[in-house]
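J.: I have a structure here, written as structure tokens, and I will follow up with some questions on it.
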Amino acid sequence: MSEIVKVDYGPLSKFIGVWQGDKGMDIAPEPDGTEENPYYETFTFTEGGSLKNAQSQLLAVLHYRRIVTRKRDDGVFHDETGYWLWDAREKVIIHSLSIPRAVSLLAGAHFNEVEDSEGNLNIEVSAAVDNEDWQIIQSPFMKKNARTISYLQQITIGNGKMKYLETTMLDIYGKIFKHTDQNELVLQQ
Ligand code: HEM
């Protein structure tokens with residue numbers, strides 16, 4: 001990596017910092033139905049500078065860590081890390097994530113940096129097992145027993161606020177389950 005100063009993070013510049021939110025709701029699969037978990041969480045986005053791939057593709061890099069805690073027992077029940085990348089020339093935004101269930105994915109999309117009338121950006125990235133560009137990697141056990149089929153992340157960010165909806169389609173317990181997570185967060189000073 002080189003050139004940590006003066007990096008053009010584009011839309012990702014709005015993410016840098018520590019975010020907290022306590023309005024989270026997780027809808028997760030159970031063998032006999034659905035589990036609902038109210039949660040709070042912290043996202044920490046740090047600058048990673050920029051890098052070049054194949055001497056031509058310039059990517060601006062943010063690293064993040066996400067810790068999600070169940071309100072019911074104050075136990076951490078989701079731990080996620082990865083990168084957000086911005087390709088300014090191609091206007092492509094990429095989100096790579098890994099969770100300790102042995103599932104990783106690379107979600108992406110073309111992105112036009114247009115703010116809405118309230119100064120927010122609406123960002124949407126997705127991945128799917130049958131998507132040629134943006135894919136999901138999972139262990140043999142997960143493929144067989146709890147397969148992630150697709151992932152969609154919809155974020156509205158601006159003015160120090162972020163809200164998101166994540167939809168993870170799972171093939172688990174003999175059915176297709178819509179695993180969702182949503183929250184609203186505030187950028188800490
Ligand atoms: C705030 C974010 C998330 C939370 C709080 C969360 C929480 C949960 C919970 C509570 C379960 C039920 C399993 C259990 O009871 O142990 C579950 C299952 C699962 N989640 Fe998530 N999840 C989140 C995001 C994700 C994401 C982003 C992915 C993948 C892209 C994912 C993939 C899975 C898979 C594959 C399972 C099935 C495994 C199983 O139930 O044994 N989750 N999640």
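As shown in the structure tokens, the chain order sets the letters A, B, ...; within each chain, residues go from 1, and ligands are also counted from 1 in the order they appear.
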Can you tell me which residues come within 7 Å of ligand 1 when counting only C-alpha atoms and all ligand atoms, ideally as a VMD selection string?
T.: chain A and resid 26 28 to 30 37 68 77 to 78 99 101 103 to 105 142 146 to 148 151 166 168 170 172 179 181
J.: Output as an NGL selection string all residues of chain A that backbone DSSP marks as strand (DSSP E).
T.: :A and (17-30 or 33-53 or 57-70 or 76-87 or 92-99 or 103-110 or 121-128 or 136-138 or 146-158 or 161-172 or 175-187)
J.: Could you list, as a ChimeraX atom specification, every residue within 9 Å of Leu121 (chain A), counting only C-alpha atoms and ignoring same-chain residues fewer than 5 positions away?
T.: /A:11,14,113-116,155-158
J.: Which one is closest to Lys178 (chain A): A:Thr34, A:Leu58, A:Gly21, A:Ser13? Count only C-alpha atoms.
T.: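 Closest to Lys178 (chain A), using only C-alpha atoms: A:Thr34.
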J.: Do a neighbour search on Asp22 (chain A) at 9 Å with only C-alpha atoms, toss out local chain neighbours closer than 5 positions, and write the hits as a compact mmCIF listing (two decimals) with N, CA and C atoms, in the first residue's frame.
T.:
```
# COMPACT_ATOMS: atom_id res chain seq x y z
N PRO A 38 -33.25 -8.20 19.22
CA PRO A 38 -32.87 -6.78 19.27
C PRO A 38 -31.39 -6.69 19.63
N TYR A 39 -30.68 -5.72 19.00
CA TYR A 39 -29.23 -5.64 19.25
C TYR A 39 -28.72 -4.20 19.21
N TYR A 40 -27.49 -4.06 19.75
CA TYR A 40 -26.73 -2.81 19.55
C TYR A 40 -25.38 -3.20 18.94
N GLU A 41 -24.74 -2.23 18.29
CA GLU A 41 -23.50 -2.59 17.59
C GLU A 41 -22.58 -1.40 17.42
N LYS A 71 -29.21 -7.55 22.90
CA LYS A 71 -29.66 -6.77 24.06
C LYS A 71 -30.05 -7.69 25.22
N ASN A 183 -30.49 -1.52 11.25
CA ASN A 183 -30.15 -0.68 12.39
C ASN A 183 -29.96 0.76 11.93
N GLU A 184 -29.90 1.66 12.91
CA GLU A 184 -29.60 3.06 12.66
C GLU A 184 -28.44 3.43 13.56
N LEU A 185 -27.43 4.08 12.98
CA LEU A 185 -26.23 4.38 13.76
C LEU A 185 -25.87 5.86 13.66
```
J.: Just list the residues in region 23-147 of chain A DSSP gives alpha helix (DSSP H) on the backbone, as an NGL selection string.
T.: :A and (140-145)
J.: Under the rule that only C-alpha atoms are counted, which of A:Ala54, A:Leu85, A:Ser150, A:Leu106 is the nearest residue to Asp130 (chain A)?
T.: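 For Asp130 (chain A), the nearest of the given residues is A:Ser150.
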